[in-house]
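Raw contents of run-v6.txt, compact mmCIF, C-alpha atoms and all ligand atoms:
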# COMPACT_ATOMS: atom_id res chain seq x y z
CA MET J 1475 107.27 91.46 109.18
CA ARG J 1476 106.98 89.55 105.91
CA LEU J 1477 107.08 85.88 106.76
CA VAL J 1478 106.49 82.58 104.99
CA LEU J 1479 105.46 79.60 107.13
CA LEU J 1480 106.33 76.25 105.56
CA GLY J 1481 105.35 72.77 106.68
CA ALA J 1482 103.44 69.70 105.59
CA PRO J 1483 99.64 69.67 105.73
CA GLY J 1484 98.72 69.24 109.41
CA SER J 1485 102.06 70.58 110.66
CA GLY J 1486 100.27 73.32 112.60
CA LYS J 1487 100.95 76.27 110.28
CA GLY J 1488 97.39 77.58 110.42
CA THR J 1489 97.14 77.33 114.20
CA GLN J 1490 100.49 79.01 114.76
CA ALA J 1491 99.80 81.69 112.14
CA ALA J 1492 96.60 82.64 113.97
CA ARG J 1493 98.72 83.42 117.05
CA LEU J 1494 101.59 84.99 115.18
CA LYS J 1495 99.32 87.50 113.49
CA VAL J 1496 98.38 88.89 116.92
CA ALA J 1497 102.01 88.98 118.10
CA LEU J 1498 103.38 90.48 114.88
CA GLU J 1499 100.33 92.65 114.04
CA VAL J 1500 100.19 91.54 110.42
CA PRO J 1501 97.48 89.55 108.59
CA HIS J 1502 97.56 85.77 108.23
CA ILE J 1503 97.19 85.00 104.53
CA SER J 1504 96.43 81.35 103.84
CA THR J 1505 95.98 80.39 100.19
CA GLY J 1506 94.03 77.32 101.40
CA ASP J 1507 91.61 79.62 103.29
CA LEU J 1508 91.30 81.96 100.28
CA LEU J 1509 90.49 78.95 98.07
CA ARG J 1510 88.02 77.48 100.58
CA ALA J 1511 86.27 80.90 100.76
CA ALA J 1512 86.01 80.94 96.94
CA VAL J 1513 84.58 77.41 96.98
CA ALA J 1514 82.06 78.34 99.71
CA ALA J 1515 81.04 81.48 97.79
CA GLY J 1516 80.57 79.41 94.62
CA THR J 1517 82.64 81.79 92.47
CA PRO J 1518 83.75 80.50 89.03
CA LEU J 1519 87.26 80.15 90.43
CA GLY J 1520 85.91 78.27 93.45
CA LEU J 1521 83.98 75.88 91.21
CA LYS J 1522 87.16 75.15 89.28
CA ALA J 1523 89.24 74.64 92.41
CA LYS J 1524 86.77 72.47 94.39
CA ALA J 1525 87.37 69.06 92.81
CA VAL J 1526 91.13 69.61 92.64
CA MET J 1527 91.24 70.45 96.35
CA GLU J 1528 89.04 67.55 97.37
CA ALA J 1529 91.36 65.19 95.51
CA GLY J 1530 94.30 66.61 97.47
CA GLN J 1531 95.98 67.96 94.32
CA LEU J 1532 97.44 71.43 93.82
CA VAL J 1533 95.28 74.13 92.24
CA SER J 1534 96.89 75.76 89.18
CA ASP J 1535 99.72 78.20 89.87
CA ALA J 1536 97.99 80.97 87.86
CA ILE J 1537 94.76 80.79 89.88
CA VAL J 1538 96.52 80.83 93.25
CA LEU J 1539 98.91 83.61 92.22
CA GLY J 1540 96.01 85.79 91.01
CA MET J 1541 94.24 85.36 94.35
CA LEU J 1542 97.37 86.06 96.32
CA GLU J 1543 98.16 89.17 94.30
CA GLN J 1544 94.69 90.57 95.04
CA ARG J 1545 95.03 89.78 98.74
CA LEU J 1546 98.48 91.38 99.03
CA ALA J 1547 97.12 94.55 97.41
CA GLN J 1548 94.72 95.10 100.34
CA ALA J 1549 95.51 97.81 102.86
CA ASP J 1550 96.20 95.55 105.86
CA ALA J 1551 98.95 93.66 104.00
CA GLN J 1552 101.02 96.80 103.54
CA ALA J 1553 102.38 96.35 107.07
CA GLY J 1554 103.51 92.81 106.25
CA PHE J 1555 102.00 89.33 106.27
CA ILE J 1556 102.28 85.74 107.39
CA LEU J 1557 101.98 83.59 104.31
CA ASP J 1558 100.67 80.07 104.93
CA GLY J 1559 100.35 77.49 102.15
CA TYR J 1560 102.32 79.45 99.58
CA PRO J 1561 104.76 78.90 97.88
CA ARG J 1562 104.09 75.20 97.37
CA ASN J 1563 106.42 74.48 94.44
CA LEU J 1564 109.48 76.06 92.84
CA ALA J 1565 107.45 77.91 90.20
CA GLN J 1566 105.53 79.60 93.03
CA VAL J 1567 108.81 80.53 94.75
CA GLN J 1568 109.82 82.40 91.60
CA ALA J 1569 106.37 83.98 91.19
CA LEU J 1570 106.42 85.17 94.81
CA ASP J 1571 109.93 86.60 94.45
CA ASP J 1572 108.86 88.50 91.33
CA LEU J 1573 105.62 89.74 92.90
CA LEU J 1574 107.29 90.93 96.12
CA ALA J 1575 110.12 92.58 94.17
CA ARG J 1576 107.50 94.46 92.14
CA LEU J 1577 105.80 95.55 95.37
CA GLY J 1578 109.15 96.50 96.91
CA GLN J 1579 108.38 94.16 99.85
CA PRO J 1580 110.93 91.33 99.95
CA LEU J 1581 110.54 88.43 102.37
CA GLU J 1582 112.22 88.79 105.75
CA ALA J 1583 112.00 85.27 107.09
CA VAL J 1584 110.96 81.73 106.21
CA VAL J 1585 110.10 79.31 109.01
CA LYS J 1586 109.53 75.61 108.48
CA LEU J 1587 107.60 73.57 111.04
CA LYS J 1588 109.12 70.12 111.14
CA VAL J 1589 106.71 67.35 112.11
CA PRO J 1590 107.15 63.59 111.45
CA SER J 1591 104.60 62.02 109.08
CA GLU J 1592 103.13 59.70 111.72
CA VAL J 1593 102.25 62.75 113.87
CA ILE J 1594 100.74 64.47 110.79
CA VAL J 1595 98.57 61.45 110.01
CA GLY J 1596 97.25 61.41 113.61
CA ARG J 1597 96.53 65.15 113.64
CA THR J 1598 94.75 65.24 110.28
CA GLU J 1599 92.62 62.24 111.32
CA LEU J 1600 91.46 64.22 114.36
CA ARG J 1601 90.77 67.27 112.17
CA PHE J 1602 88.84 65.09 109.71
CA LYS J 1603 86.60 63.91 112.54
CA ALA J 1604 86.18 67.41 113.98
CA GLU J 1605 85.83 69.54 110.81
CA GLY J 1606 85.01 67.03 108.08
CA ARG J 1607 87.38 68.54 105.52
CA ALA J 1608 87.28 66.11 102.58
CA ASP J 1609 91.01 66.57 101.97
CA ASP J 1610 91.75 65.38 105.53
CA HIS J 1611 90.46 61.88 104.71
CA PRO J 1612 93.38 59.53 105.48
CA ASP J 1613 93.71 58.40 101.82
CA THR J 1614 93.82 62.00 100.63
CA VAL J 1615 96.29 62.98 103.36
CA ARG J 1616 98.66 60.31 102.05
CA LYS J 1617 98.37 61.86 98.59
CA ARG J 1618 98.91 65.39 99.97
CA LEU J 1619 102.00 64.23 101.86
CA ALA J 1620 103.40 62.67 98.67
CA ILE J 1621 102.81 65.93 96.78
CA TYR J 1622 104.44 67.81 99.65
CA ALA J 1623 107.53 65.60 99.52
CA GLU J 1624 107.78 65.85 95.76
CA GLN J 1625 106.92 69.52 95.15
CA THR J 1626 107.10 71.49 98.40
CA ALA J 1627 110.18 69.96 100.04
CA PRO J 1628 112.34 71.56 97.28
CA VAL J 1629 110.90 74.94 98.33
CA ALA J 1630 112.42 74.53 101.81
CA GLU J 1631 115.69 73.43 100.22
CA TYR J 1632 115.67 76.56 98.07
CA TYR J 1633 115.25 78.87 101.08
CA ALA J 1634 117.85 76.87 103.02
CA ARG J 1635 120.37 77.50 100.23
CA ALA J 1636 119.36 81.17 100.15
CA GLY J 1637 120.10 81.34 103.90
CA THR J 1638 116.61 82.53 104.92
CA LEU J 1639 115.22 79.24 106.27
CA ARG J 1640 114.78 78.60 109.99
CA ILE J 1641 113.66 75.12 110.96
CA VAL J 1642 111.49 74.79 114.05
CA ASP J 1643 110.47 71.56 115.82
CA GLY J 1644 106.67 71.47 115.39
CA VAL J 1645 106.02 68.69 117.91
CA GLY J 1646 104.85 69.90 121.32
CA SER J 1647 102.12 72.03 122.84
CA LEU J 1648 100.83 75.09 120.98
CA ASP J 1649 102.66 77.31 123.49
CA GLU J 1650 105.94 75.44 123.13
CA VAL J 1651 105.91 75.56 119.34
CA PHE J 1652 104.85 79.23 119.37
CA ALA J 1653 107.75 80.13 121.69
CA ARG J 1654 110.18 78.28 119.39
CA ILE J 1655 108.93 80.20 116.36
CA LEU J 1656 109.31 83.55 118.14
CA ALA J 1657 112.82 82.59 119.24
CA ALA J 1658 113.73 81.57 115.68
CA LEU J 1659 112.37 84.86 114.40
CA SER J 1660 113.86 87.13 117.01
CA PRO J 1661 116.58 88.75 114.86
CA ALA J 1662 114.06 89.31 112.05
CA VAL J 1663 111.38 90.50 114.50
CA ALA J 1664 113.81 92.98 116.02
CA ALA J 1665 114.91 94.23 112.59
CA SER J 1666 111.27 94.60 111.54
CA ALA J 1667 110.35 96.50 114.74
CA LEU J 1668 113.24 98.92 114.24
CA ARG J 1669 111.99 99.98 110.83
P1 LIG F 1701 95.91 74.08 102.83
O1 LIG F 1701 94.79 74.59 103.68
O2 LIG F 1701 97.08 75.03 102.74
O3 LIG F 1701 96.33 72.68 103.18
O4 LIG F 1701 95.34 74.01 101.33
C1 LIG F 1701 94.24 73.20 101.01
C2 LIG F 1701 94.25 72.88 99.52
O5 LIG F 1701 94.16 74.11 98.77
C3 LIG F 1701 95.52 72.22 99.01
O6 LIG F 1701 95.53 70.81 99.19
C4 LIG F 1701 95.49 72.60 97.54
O7 LIG F 1701 94.54 71.85 96.82
C5 LIG F 1701 94.98 74.03 97.60
N1 LIG F 1701 96.09 75.02 97.74
C6 LIG F 1701 96.37 75.80 98.82
N2 LIG F 1701 97.46 76.56 98.60
C7 LIG F 1701 97.89 76.24 97.35
C8 LIG F 1701 98.98 76.64 96.55
N3 LIG F 1701 99.88 77.55 96.99
N4 LIG F 1701 99.11 76.10 95.30
C9 LIG F 1701 98.22 75.18 94.85
N5 LIG F 1701 97.19 74.74 95.55
C10 LIG F 1701 97.00 75.25 96.80
Would you write out, as structure tokens, the structure that this file holds?
Amino acid sequence: MRLVLLGAPGSGKGTQAARLKVALEVPHISTGDLLRAAVAAGTPLGLKAKAVMEAGQLVSDAIVLGMLEQRLAQADAQAGFILDGYPRNLAQVQALDDLLARLGQPLEAVVKLKVPSEVIVGRTELRFKAEGRADDHPDTVRKRLAIYAEQTAPVAEYYARAGTLRIVDGVGSLDEVFARILAALSPAVAASALR
């Protein structure tokens, strides 16, 4: 299964992806996690990305694409993937299309978790207290939500027009949301299992 999970920061993509990877037996590839690992390791790329991430801005398309390309080349991604945090703008949609066409691995499904902003603000505040991620500071979350509305919402519109988008209500318990995602995926899951 080759799946993109869309949703605002704090919509629960990461949490749901961690479960989906077990159910679908494919790796969870989060560009945010890849970037945070580069920052933690102090690589030149990580040093470049750190300030941009802490300010809640988007890291350059070229840097993120390079990282993603390397990750998709690894053995475990040959069976498929759950992509979380990418694509985040229309240029990345095009880059992903081109990359996957080159790899002969087109996307099979795009799921968007729909969560109202007031719920997002509450969730990210809790995460800020629990994990201390600088970009979960309430001021930065507001900035990230504005960037999401401006740059990432058109990504969902693009996939909606292409007919691949499934919208799932992201408000509820982890189990409820997980069940909704599986139900939304079921035709694609079945097609993937038959291959
Ligand atoms: P996330 O964990 O997906 O919320 O990502 C955390 C931060 O990493 C974002 O606020 C961006 O600064 C950066 N980032 C993650 N994915 C991307 C992407 N696809 N394009 C640009 N920046 C990204």
Box in all listed atoms of ligand LIG 1701 (chain F), axis-aligned, with 5 Å more on each side; write out centre and edge lengths in Å to one decimal as AutoDock Vina command-line options.
--center_x 97.0 --center_y 74.2 --center_z 99.3 --size_x 15.7 --size_y 16.7 --size_z 18.8
12 Å contact set for segment 1504-1517 of chain J, all atoms listed in the file, chain neighbours under 6 positions out, as JSON, numbers by chain: {"J": [1477, 1478, 1479, 1480, 1483, 1487, 1488, 1489, 1490, 1491, 1492, 1495, 1523, 1524, 1525, 1526, 1527, 1528, 1530, 1531, 1532, 1533, 1534, 1535, 1537, 1538, 1539, 1540, 1541, 1542, 1543, 1544, 1545, 1546, 1555, 1556, 1557, 1558, 1559, 1560, 1561, 1562, 1566, 1607, 1608, 1609]}
Please determine, counting only C-alpha atoms, which residue among J:Leu1619, J:Ala1547, J:Ala1529, J:Leu1639 has the shortest atom-to-atom distance to Ala1482 of chain J.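 Checking each of J:Leu1619, J:Ala1547, J:Ala1529, J:Leu1639 against Ala1482 of chain J, counting only C-alpha atoms, the winner is J:Leu1619.
Take the candidates J:Asp1643, J:Asp1572, J:Asp1610, J:Asp1550 and check each one against ligand LIG 1701 (chain F) using only C-alpha atoms and all ligand atoms; the shortest distance goes to J:Asp1610.
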Taking all atoms listed in the file into account, name the residue in J:Lys1603, J:Ala1553, J:Arg1618, J:Glu1631 that is nearest to ligand LIG 1701 (chain F). J:Arg1618
Between atom CA of Arg1640 of chain J and atom CA of Val1585 of chain J, distance in Å (one decimal):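 One can read the atom CA of Arg1640 of chain J to atom CA of Val1585 of chain J distance as 4.8 Å.
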Using all atoms listed in the file, the shortest atom-to-atom distance to ligand LIG 1701 (chain F) among J:Gly1578, J:Gly1637, J:Pro1612, J:Gly1481 belongs to J:Gly1481
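Among the candidates J:Leu1494, J:Ile1655, J:Val1500, J:Val1567, the one nearest to ligand LIG 1701 (chain F) when counting all atoms listed in the file is J:Val1567.
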So, counting all atoms listed in the file, which residue among J:Asp1571, J:Arg1597, J:Lys1586, J:Thr1626 is closest to ligand LIG 1701 (chain F)?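 Among the listed residues, J:Thr1626 lies closest to ligand LIG 1701 (chain F).
Between atom CA of Leu1581 of chain J and atom CA of Arg1476 of chain J the interatomic distance comes to 5.1 Å.
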If you count all atoms listed in the file, which residues fall within 9 Å of Glu1599 of chain J, apart from same-chain ones fewer than 3 positions away, as a PyMOL selection string? chain J and resi 1594-1596+1602-1604+1610-1612+1615
Distance atom CA of Leu1577 of chain J-atom CA of Gln1552 of chain J, one decimal place?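 Atom CA of Leu1577 of chain J sits 9.5 Å away from atom CA of Gln1552 of chain J.
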Within 10 Å of Ala1665 of chain J using all atoms listed in the file, minus same-chain residues under 6 positions, as a PyMOL selection string: chain J and resi 1475+1582+1659
Please list as a ChimeraX atom specification every residue within 12 Å of Ala1653 of chain J, counting all atoms listed in the file and excluding residues in the same chain fewer than 2 positions away. /J:1490,1493-1494,1497,1642-1644,1646-1651,1655-1660
Atoms added to segment 1620-1631 of chain J (all heavy atoms), reported as an mmCIF file, in the coordinates of the input:
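Everything below was put into out-v9.cif:
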data_model
loop_
_atom_site.group_PDB
_atom_site.id
_atom_site.type_symbol
_atom_site.label_atom_id
_atom_site.label_comp_id
_atom_site.auth_asym_id
_atom_site.auth_seq_id
_atom_site.Cartn_x
_atom_site.Cartn_y
_atom_site.Cartn_z
ATOM 1 N N ALA J 1620 102.527 63.038 99.801
ATOM 2 C CA ALA J 1620 103.400 62.670 98.670
ATOM 3 C C ALA J 1620 103.674 63.899 97.807
ATOM 4 O O ALA J 1620 104.822 64.139 97.385
ATOM 5 C CB ALA J 1620 102.753 61.560 97.852
ATOM 6 N N ILE J 1621 102.634 64.707 97.576
ATOM 7 C CA ILE J 1621 102.810 65.930 96.780
ATOM 8 C C ILE J 1621 103.742 66.896 97.523
ATOM 9 O O ILE J 1621 104.604 67.546 96.935
ATOM 10 C CB ILE J 1621 101.452 66.605 96.479
ATOM 11 C CG1 ILE J 1621 100.655 65.719 95.524
ATOM 12 C CG2 ILE J 1621 101.633 68.003 95.900
ATOM 13 C CD1 ILE J 1621 99.256 66.203 95.230
ATOM 14 N N TYR J 1622 103.573 66.950 98.841
ATOM 15 C CA TYR J 1622 104.440 67.810 99.650
ATOM 16 C C TYR J 1622 105.904 67.391 99.482
ATOM 17 O O TYR J 1622 106.780 68.232 99.224
ATOM 18 C CB TYR J 1622 104.039 67.767 101.130
ATOM 19 C CG TYR J 1622 104.915 68.649 101.976
ATOM 20 C CD1 TYR J 1622 104.628 70.011 102.102
ATOM 21 C CD2 TYR J 1622 106.052 68.155 102.606
ATOM 22 C CE1 TYR J 1622 105.456 70.844 102.836
ATOM 23 C CE2 TYR J 1622 106.885 68.985 103.336
ATOM 24 C CZ TYR J 1622 106.573 70.320 103.451
ATOM 25 O OH TYR J 1622 107.405 71.152 104.157
ATOM 26 N N ALA J 1623 106.147 66.086 99.609
ATOM 27 C CA ALA J 1623 107.530 65.600 99.520
ATOM 28 C C ALA J 1623 108.115 65.882 98.141
ATOM 29 O O ALA J 1623 109.283 66.279 98.012
ATOM 30 C CB ALA J 1623 107.558 64.097 99.812
ATOM 31 N N GLU J 1624 107.279 65.724 97.137
ATOM 32 C CA GLU J 1624 107.780 65.850 95.760
ATOM 33 C C GLU J 1624 107.935 67.318 95.350
ATOM 34 O O GLU J 1624 108.933 67.700 94.746
ATOM 35 C CB GLU J 1624 106.770 65.147 94.852
ATOM 36 C CG GLU J 1624 107.168 65.026 93.410
ATOM 37 C CD GLU J 1624 105.959 64.590 92.593
ATOM 38 O OE1 GLU J 1624 105.262 63.647 93.030
ATOM 39 O OE2 GLU J 1624 105.694 65.206 91.561
ATOM 40 N N GLN J 1625 106.923 68.155 95.687
ATOM 41 C CA GLN J 1625 106.920 69.520 95.150
ATOM 42 C C GLN J 1625 107.281 70.603 96.163
ATOM 43 O O GLN J 1625 107.859 71.620 95.795
ATOM 44 C CB GLN J 1625 105.536 69.840 94.573
ATOM 45 C CG GLN J 1625 105.142 68.845 93.504
ATOM 46 C CD GLN J 1625 104.111 69.433 92.550
ATOM 47 O OE1 GLN J 1625 104.137 70.621 92.250
ATOM 48 N NE2 GLN J 1625 103.199 68.610 92.086
ATOM 49 N N THR J 1626 106.912 70.400 97.430
ATOM 50 C CA THR J 1626 107.100 71.490 98.400
ATOM 51 C C THR J 1626 108.413 71.348 99.167
ATOM 52 O O THR J 1626 108.994 72.366 99.557
ATOM 53 C CB THR J 1626 105.883 71.587 99.350
ATOM 54 O OG1 THR J 1626 104.687 71.537 98.569
ATOM 55 C CG2 THR J 1626 105.893 72.892 100.127
ATOM 56 N N ALA J 1627 108.891 70.105 99.349
ATOM 57 C CA ALA J 1627 110.180 69.960 100.040
ATOM 58 C C ALA J 1627 111.290 70.748 99.311
ATOM 59 O O ALA J 1627 112.114 71.398 99.972
ATOM 60 C CB ALA J 1627 110.535 68.487 100.202
ATOM 61 N N PRO J 1628 111.321 70.755 97.969
ATOM 62 C CA PRO J 1628 112.340 71.560 97.280
ATOM 63 C C PRO J 1628 112.255 73.063 97.586
ATOM 64 O O PRO J 1628 113.251 73.777 97.480
ATOM 65 C CB PRO J 1628 112.081 71.299 95.787
ATOM 66 C CG PRO J 1628 111.358 70.005 95.742
ATOM 67 C CD PRO J 1628 110.554 69.925 97.005
ATOM 68 N N VAL J 1629 111.057 73.521 97.979
ATOM 69 C CA VAL J 1629 110.900 74.940 98.330
ATOM 70 C C VAL J 1629 111.730 75.249 99.578
ATOM 71 O O VAL J 1629 112.462 76.243 99.635
ATOM 72 C CB VAL J 1629 109.397 75.280 98.578
ATOM 73 C CG1 VAL J 1629 109.237 76.675 99.159
ATOM 74 C CG2 VAL J 1629 108.602 75.127 97.290
ATOM 75 N N ALA J 1630 111.633 74.345 100.580
ATOM 76 C CA ALA J 1630 112.420 74.530 101.810
ATOM 77 C C ALA J 1630 113.911 74.457 101.485
ATOM 78 O O ALA J 1630 114.702 75.259 102.011
ATOM 79 C CB ALA J 1630 112.029 73.474 102.833
ATOM 80 N N GLU J 1631 114.270 73.535 100.591
ATOM 81 C CA GLU J 1631 115.690 73.430 100.220
ATOM 82 C C GLU J 1631 116.180 74.717 99.567
ATOM 83 O O GLU J 1631 117.291 75.176 99.804
ATOM 84 C CB GLU J 1631 115.910 72.238 99.265
ATOM 85 C CG GLU J 1631 115.864 70.899 99.996
ATOM 86 C CD GLU J 1631 115.531 69.748 99.067
ATOM 87 O OE1 GLU J 1631 115.743 69.857 97.839
ATOM 88 O OE2 GLU J 1631 115.027 68.730 99.580
#
